[in-house]
Every structure is written in C-alpha cells, then in structure tokens.
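This report refers to the structure that appears directly beneath it.
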Amino acid sequence: MFSLRNENGKTKKIILIGITVFFILGIYSVIAHGNEHFLGSFEKWDNDDVKYVRSAWTLMDTGKLTYHDVNEETVFIMPGISYTLAGIMTIFGKTTGLVAFRVFQVILEVLSLMLVFFIARKLFNSKVGIIAFILEAIYIPNLWVTHVILTECIFKFLVLALVYFTIYAIEEKKIIYYVIGGMLLGITCLFRPTIGAYPIVVLVLWLYKKYEFKDIIKWTIVVTSVFALVMSPWWIRNYNTFNRFIPCTLSSGNPMIQGSYINYDANIDFYPTEGSDDRIEQEKLYMDNVKYRFKNYMLRSPVKYGLWYFVEKPVILWGGPFYWRKVYSIHYLIAFIQHLAYLILGLYGMYFIFKRRKMEKGNPIVYLLFSLCLYYTIIHIPYVTFDRYGYPMIWIFTISASVVLEKYFENRKIQ
C-alpha cells in the first residue's frame, strides 16, 4: 500500500530527490521567514491565524476552547487546529512552538507529496503517479502554505489519507480500511466540517461499483460508528457547555450572508442583520437574514444570483493560487500562470478520464476525482469562497493533468 519496492530505480530516485529538496527548501524558509507570513496582527487579532494562536494559548492556560473572546467558550470553530497547536506548544513553548508547528507542516506537505503519488499510482499507474508527484512538488503554493498558521496544510494531508484509504476500502471490501476511513473522516471533520458529507461521494462510488444493498448498509454502520466515536468528545463538550446538540459548529450564518452578496459587495441588495450579544442567538439572526435575502432578492433575480452562485463563485474558489505573499522571491504572476496551467490540464484530464473510461470500460473508481471536485465545489457554494478554501483540493487537478501528460509522453515515444 505504501511500498516502493516494485518501482524502478528512476522512480525511486525522483521521489527521493523530490522530497529531499522540498524538505530542505521548506525547513529553511519557515525557520528563516516564518514570522513574516502572519496574516493578522497580535495587537488587533484581526485574522484567523493569530486567533488560532490565541485560542491555543488560552487552551493551554485555562483548558477552555475560545476564539473571538478569550473569556467565552466557543463553538465557532472546530477544535482540531487549536488542540494541535496547543499540543506542539506544550512541548516546544508558546513562541518556539510556532516554528515547530511550521516544521510540522513541512513534514505534512512531504507526506502529502507521497500520498499524491500513491493515489495516482493506485488509480492509474506509476507513470501517472510520478508525473503527479513532480507537479505537486513544484506547485509553488505548497511551499508557502507551510508558513501560515491555518488549517489548510493539515486538512489537505488528512483528505489525501482519507481518499487513499477510501479507494482501498471500496476495492478490497475489508473492514480495516473502512474502520480507518471512518477514523480519518472524524479527525478531518475536527479540522474542517465541510468534509462531513464526504460519504455522499463514497455512496456514488458504491453505486458505480454495483455494491449490494446489504453491503452498503454494513459498511455505513461501520463507518458511522467509528466516526461517531471520534466525534463524541466534541459532541459531549458542546452539549455540556451549550445545553444542546451541536454536531460541528454554529458559524455558518455569517459566511452565508457574506457569500450571498454578489462580488461580496454589501451595497448590492443590502439588508441589515439584527444584533445580539449572545453568539448562538446571533447565529439564528444571521440565518433569518439569509432566508429573507433568499425570498426577497434571490428568487426575484434568479439569473443574476444564479450566475453568481454557480459560475462566478466556483471560479473564485478554483481560479487563483493560495499564494498571498512571496516565498523565495517568486512573484504571484508566476504562481498564477502555473496554477492556471494545472487547472486547464486538470479539467481536460477529467474529460479524458471520462472518455477513456467509457471506451475501455475501466475501473469506475477513477470517477472519485471528478466526484470529489464536484462535491467540494457544491459544499462551498453557499458560503464565502476564495482561493484559500480551494487549495487543499488542487491535487485533484494535478493528478488529472498527469493522466493527460502521461498519454502525451507515451504518444511521443511511439512516434
């Protein structure tokens, strides 16, 4: 599953050189320049990264999970990032721990490179795998993302691991893979709740693979049980703190309101939101605002809002690289051109995969790439979307692009 034993010497050499160079570049960069890449201010606490750091510090000092207010328990964020930061800082200290966390992210990115290779090899072949590995290794935002104290790097690694075990679970039908899959789904959800409906993708693949109904029920029970076991401490904490069952967070209202404004311009069809000092009550008021906007603005201008939600927002999600500051003096324009090339080749690759699958009656598991891309797009459409949220899934386009490139190189060799 994770072996390179059957790979030829050239493949092993490329992988060894790739992970070594990436690791060295990543470690040097985060140690030398890591603190230059904070997106927020420790005086104003005005961005997610500094708020995550403060949340971890408060967790270490008081045992309470907070976010906006250090004196108030929160259900605005999932606990994964705060607990991970707090755990690393407990070992290395509150300041040095930030450097250690960035080093940890470099290691995760290296492991992600390997997972991209393994997934591409499993879905297609080793040639596609090594091309995907190279494309992923030279993708500029992968170096930059290790600098920022956000969930993107961890989430990407966990999703890759989840997808890899999903492939084995569906093909091998062994309980160990479904147990690990359920565990990974729960852990990933503790960082980003948007992965919570991922089983829909698995269901689609089950149907493509013509799973019997009894097997679908059996594996659903296994995955659900393990997922619930992983999530149960979070559920219990939320119930004890807020006297209600909260499966993930209560923070979708405000991003839904912001996401409902065309081009994120609140001057277009503005409708004010009532305020409340109670954050849970405020969440309800946010949702009331969204419902009002849907009935009074969106339904009355379906074309305008349809274009915004189903065309423009997906473009915003996928259209640019998550590369907000320079690393190794590489200009944004270079990263953008590279990103655009990956997208174009990746989209063509998905079309090519569909076409070849129908012609050759190949393994339907290859639909995983398209299904996951579609799922991730749909799940983000109601909210604020931007390149940061698209970053953890860019590897889908990388692998799809590699299928096209592998075919191109094969054709050139034949000629």
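Identifiers for the structure tokens are assigned positionally: chains receive A, B, ... in sequence, residues are indexed from 1 per chain, and ligands are indexed from 1 in the order shown.
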Under the rule of at most 8 Å, produce a per-residue listing of segment 13-115 of chain A near segment 134-140 of chain A: chain, number, name, the closest pair of atoms, and the distance in Å, as CSV, using only C-alpha atoms.
```
residue,atom,partner,partner_atom,distance
A:Gly18,CA,A:Ala137,CA,6.7
A:Ile19,CA,A:Ala137,CA,7.7
A:Phe22,CA,A:Ala137,CA,6.9
A:Leu113,CA,A:Glu136,CA,6.4
```
- Query: Could you pull the residues within 10 Å of Leu372 of chain A, counting only C-alpha atoms, minus those fewer than 5 positions along the same chain, as a list in words?
  - Reply: Val163, Tyr198, Ile200, Val201, Val202, Tyr367, Thr377, Ile378, Met393 and Ile396 of chain A
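The smallest atom-to-atom distance between Pro392 of chain A and any of A:Val230, A:Met183, A:Leu250, A:Val145, using only C-alpha atoms, is found for A:Val145.
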- Run DSSP on the backbone and give me the residues of segment 144-196 of chain A it puts in alpha helix (DSSP H), as a ChimeraX atom specification. /A:144,152-172,175-189
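All residues of protein, DNA or RNA that reach within 12 Å of Ile268 of chain A, judged by only C-alpha atoms and not counting those fewer than 4 positions away in the chain, are Gln258, Ser260, Tyr261, Ile262, Asn263, Tyr264, Pro272, Arg293, Tyr297, Met298, Lys304 and Tyr305 of chain A.
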- Item | Long-range neighbours of segment 340-350 of chain A as a PyMOL selection string, 10 Å cut-off, only C-alpha atoms, 4 positions minimum in chain | chain A and resi 135-136+139+318-321+334-336+354-356+366-367+369-370+394-405
- Message: I want to know what sits within 12 Å of Asp278 of chain A, based on only C-alpha atoms, with residues of the same chain fewer than 4 positions away left out; could you give that as a list in words?
- Response: Glu72, Glu73, Thr74, Phe242, Glu274, Gln282, Glu283, Lys284 and Leu285 of chain A
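Here atom CA of Tyr52 of chain A stands at a distance of 21.4 Å from atom CA of Gly196 of chain A.
Reported to one decimal place, the separation of atom CA of Leu229 of chain A from atom CA of Lys122 of chain A is 29.3 Å.
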Need the shell around Leu185 of chain A: protein/DNA/RNA residues with any atom at most 12 Å away, counting only C-alpha atoms. Skip same-chain ones fewer than 2 positions apart. Format as a short mmCIF file (atom, residue, chain, number, x, y, z; two decimals) with N, CA and C atoms, in the first residue's frame?
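Output file result30.cif follows:
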```cif
data_model
loop_
_atom_site.label_atom_id
_atom_site.label_comp_id
_atom_site.auth_asym_id
_atom_site.auth_seq_id
_atom_site.Cartn_x
_atom_site.Cartn_y
_atom_site.Cartn_z
N PHE A 155 -5.49 19.86 6.79
CA PHE A 155 -6.70 19.38 6.13
C PHE A 155 -6.36 18.67 4.82
N LEU A 158 -4.91 15.20 5.58
CA LEU A 158 -5.93 14.28 6.07
C LEU A 158 -6.88 13.85 4.96
N VAL A 159 -7.25 14.77 4.08
CA VAL A 159 -8.12 14.42 2.95
C VAL A 159 -7.43 13.42 2.03
N LEU A 160 -6.16 13.65 1.75
CA LEU A 160 -5.41 12.72 0.90
C LEU A 160 -5.38 11.32 1.52
N ALA A 161 -5.12 11.26 2.83
CA ALA A 161 -5.11 9.97 3.51
C ALA A 161 -6.49 9.33 3.47
N LEU A 162 -7.53 10.14 3.70
CA LEU A 162 -8.90 9.64 3.65
C LEU A 162 -9.24 9.07 2.28
N VAL A 163 -8.88 9.78 1.24
CA VAL A 163 -9.16 9.34 -0.13
C VAL A 163 -8.41 8.04 -0.44
N TYR A 164 -7.16 7.96 -0.02
CA TYR A 164 -6.37 6.76 -0.31
C TYR A 164 -6.98 5.53 0.35
N PHE A 165 -7.36 5.66 1.61
CA PHE A 165 -7.99 4.52 2.30
C PHE A 165 -9.39 4.24 1.75
N THR A 166 -10.06 5.27 1.25
CA THR A 166 -11.37 5.06 0.62
C THR A 166 -11.23 4.16 -0.60
N TYR A 177 -10.01 -1.20 6.41
CA TYR A 177 -9.95 0.03 5.62
C TYR A 177 -11.14 0.93 5.92
N TYR A 178 -12.31 0.33 6.15
CA TYR A 178 -13.48 1.14 6.48
C TYR A 178 -13.36 1.72 7.89
N VAL A 179 -12.76 0.98 8.81
CA VAL A 179 -12.55 1.49 10.16
C VAL A 179 -11.58 2.68 10.12
N ILE A 180 -10.47 2.52 9.41
CA ILE A 180 -9.51 3.62 9.29
C ILE A 180 -10.14 4.80 8.56
N GLY A 181 -10.95 4.50 7.53
CA GLY A 181 -11.65 5.56 6.81
C GLY A 181 -12.59 6.35 7.71
N GLY A 182 -13.35 5.66 8.56
CA GLY A 182 -14.24 6.33 9.49
C GLY A 182 -13.48 7.18 10.49
N MET A 183 -12.34 6.66 10.94
CA MET A 183 -11.49 7.40 11.88
C MET A 183 -10.94 8.66 11.23
N ILE A 187 -11.50 12.62 12.25
CA ILE A 187 -10.37 13.51 12.55
C ILE A 187 -10.37 14.70 11.60
N THR A 188 -10.60 14.44 10.32
CA THR A 188 -10.62 15.53 9.33
C THR A 188 -11.73 16.52 9.63
N CYS A 189 -12.88 16.00 10.05
CA CYS A 189 -14.02 16.86 10.38
C CYS A 189 -13.71 17.75 11.59
N LEU A 190 -12.84 17.30 12.47
CA LEU A 190 -12.45 18.10 13.63
C LEU A 190 -11.61 19.31 13.24
N PHE A 191 -11.16 19.33 11.99
CA PHE A 191 -10.43 20.49 11.46
C PHE A 191 -11.31 21.32 10.52
N ARG A 192 -12.07 20.63 9.66
CA ARG A 192 -12.93 21.33 8.70
C ARG A 192 -14.24 20.55 8.56
N PRO A 193 -15.36 21.10 9.01
CA PRO A 193 -16.63 20.38 8.93
C PRO A 193 -17.15 20.19 7.51
N THR A 194 -16.56 20.89 6.53
CA THR A 194 -17.03 20.76 5.15
C THR A 194 -16.81 19.36 4.60
N ILE A 195 -15.99 18.55 5.25
CA ILE A 195 -15.76 17.18 4.79
C ILE A 195 -16.83 16.23 5.33
N GLY A 196 -17.71 16.73 6.18
CA GLY A 196 -18.67 15.87 6.86
C GLY A 196 -19.59 15.08 5.95
N ALA A 197 -19.93 15.64 4.79
CA ALA A 197 -20.83 14.94 3.85
C ALA A 197 -20.06 14.12 2.82
N TYR A 198 -18.78 13.91 3.04
CA TYR A 198 -17.95 13.11 2.13
C TYR A 198 -18.53 11.73 1.83
N PRO A 199 -19.22 11.08 2.78
CA PRO A 199 -19.82 9.77 2.47
C PRO A 199 -20.73 9.77 1.25
N VAL A 202 -18.64 8.59 -1.44
CA VAL A 202 -18.45 7.14 -1.31
C VAL A 202 -19.67 6.39 -1.80
N VAL A 223 -18.61 2.65 9.34
CA VAL A 223 -18.02 3.99 9.22
C VAL A 223 -18.70 4.97 10.17
N THR A 224 -20.03 4.92 10.23
CA THR A 224 -20.78 5.83 11.10
C THR A 224 -20.42 5.63 12.56
N SER A 225 -20.26 4.37 12.97
CA SER A 225 -19.93 4.07 14.36
C SER A 225 -18.56 4.62 14.73
N VAL A 226 -17.58 4.39 13.86
CA VAL A 226 -16.22 4.89 14.14
C VAL A 226 -16.20 6.41 14.11
N PHE A 227 -16.88 7.00 13.13
CA PHE A 227 -16.96 8.46 13.03
C PHE A 227 -17.57 9.05 14.30
N ALA A 228 -18.66 8.45 14.77
CA ALA A 228 -19.33 8.95 15.98
C ALA A 228 -18.42 8.82 17.20
N LEU A 229 -17.64 7.74 17.25
CA LEU A 229 -16.72 7.54 18.36
C LEU A 229 -15.66 8.64 18.39
N VAL A 230 -15.14 9.00 17.23
CA VAL A 230 -14.13 10.06 17.15
C VAL A 230 -14.73 11.42 17.50
N MET A 231 -15.94 11.66 17.04
CA MET A 231 -16.58 12.97 17.25
C MET A 231 -17.22 13.12 18.62
#
```
List the neighbours of Phe101 of chain A out to 8 Å using only C-alpha atoms; skip same-chain residues closer than 2 positions along the sequence, and give me the result as a CSV table (one decimal) with C-alpha atoms, in the first residue's frame.
```
chain,number,residue,atom,x,y,z
A,85,LEU,CA,-1.1,24.0,18.2
A,88,ILE,CA,3.0,21.3,20.0
A,97,GLY,CA,6.1,26.2,19.2
A,98,LEU,CA,5.1,28.4,16.3
A,99,VAL,CA,8.3,27.4,14.5
A,103,VAL,CA,8.2,22.5,10.6
A,104,PHE,CA,5.4,20.0,11.3
A,105,GLN,CA,3.5,21.4,8.3
A,149,ILE,CA,-0.9,29.0,10.9
```
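Considering the residues A:Ala120, A:Ile81, A:Ile31, A:Ile170 and counting only C-alpha atoms, Ile154 of chain A has its shortest atom-to-atom contact with A:Ile81.
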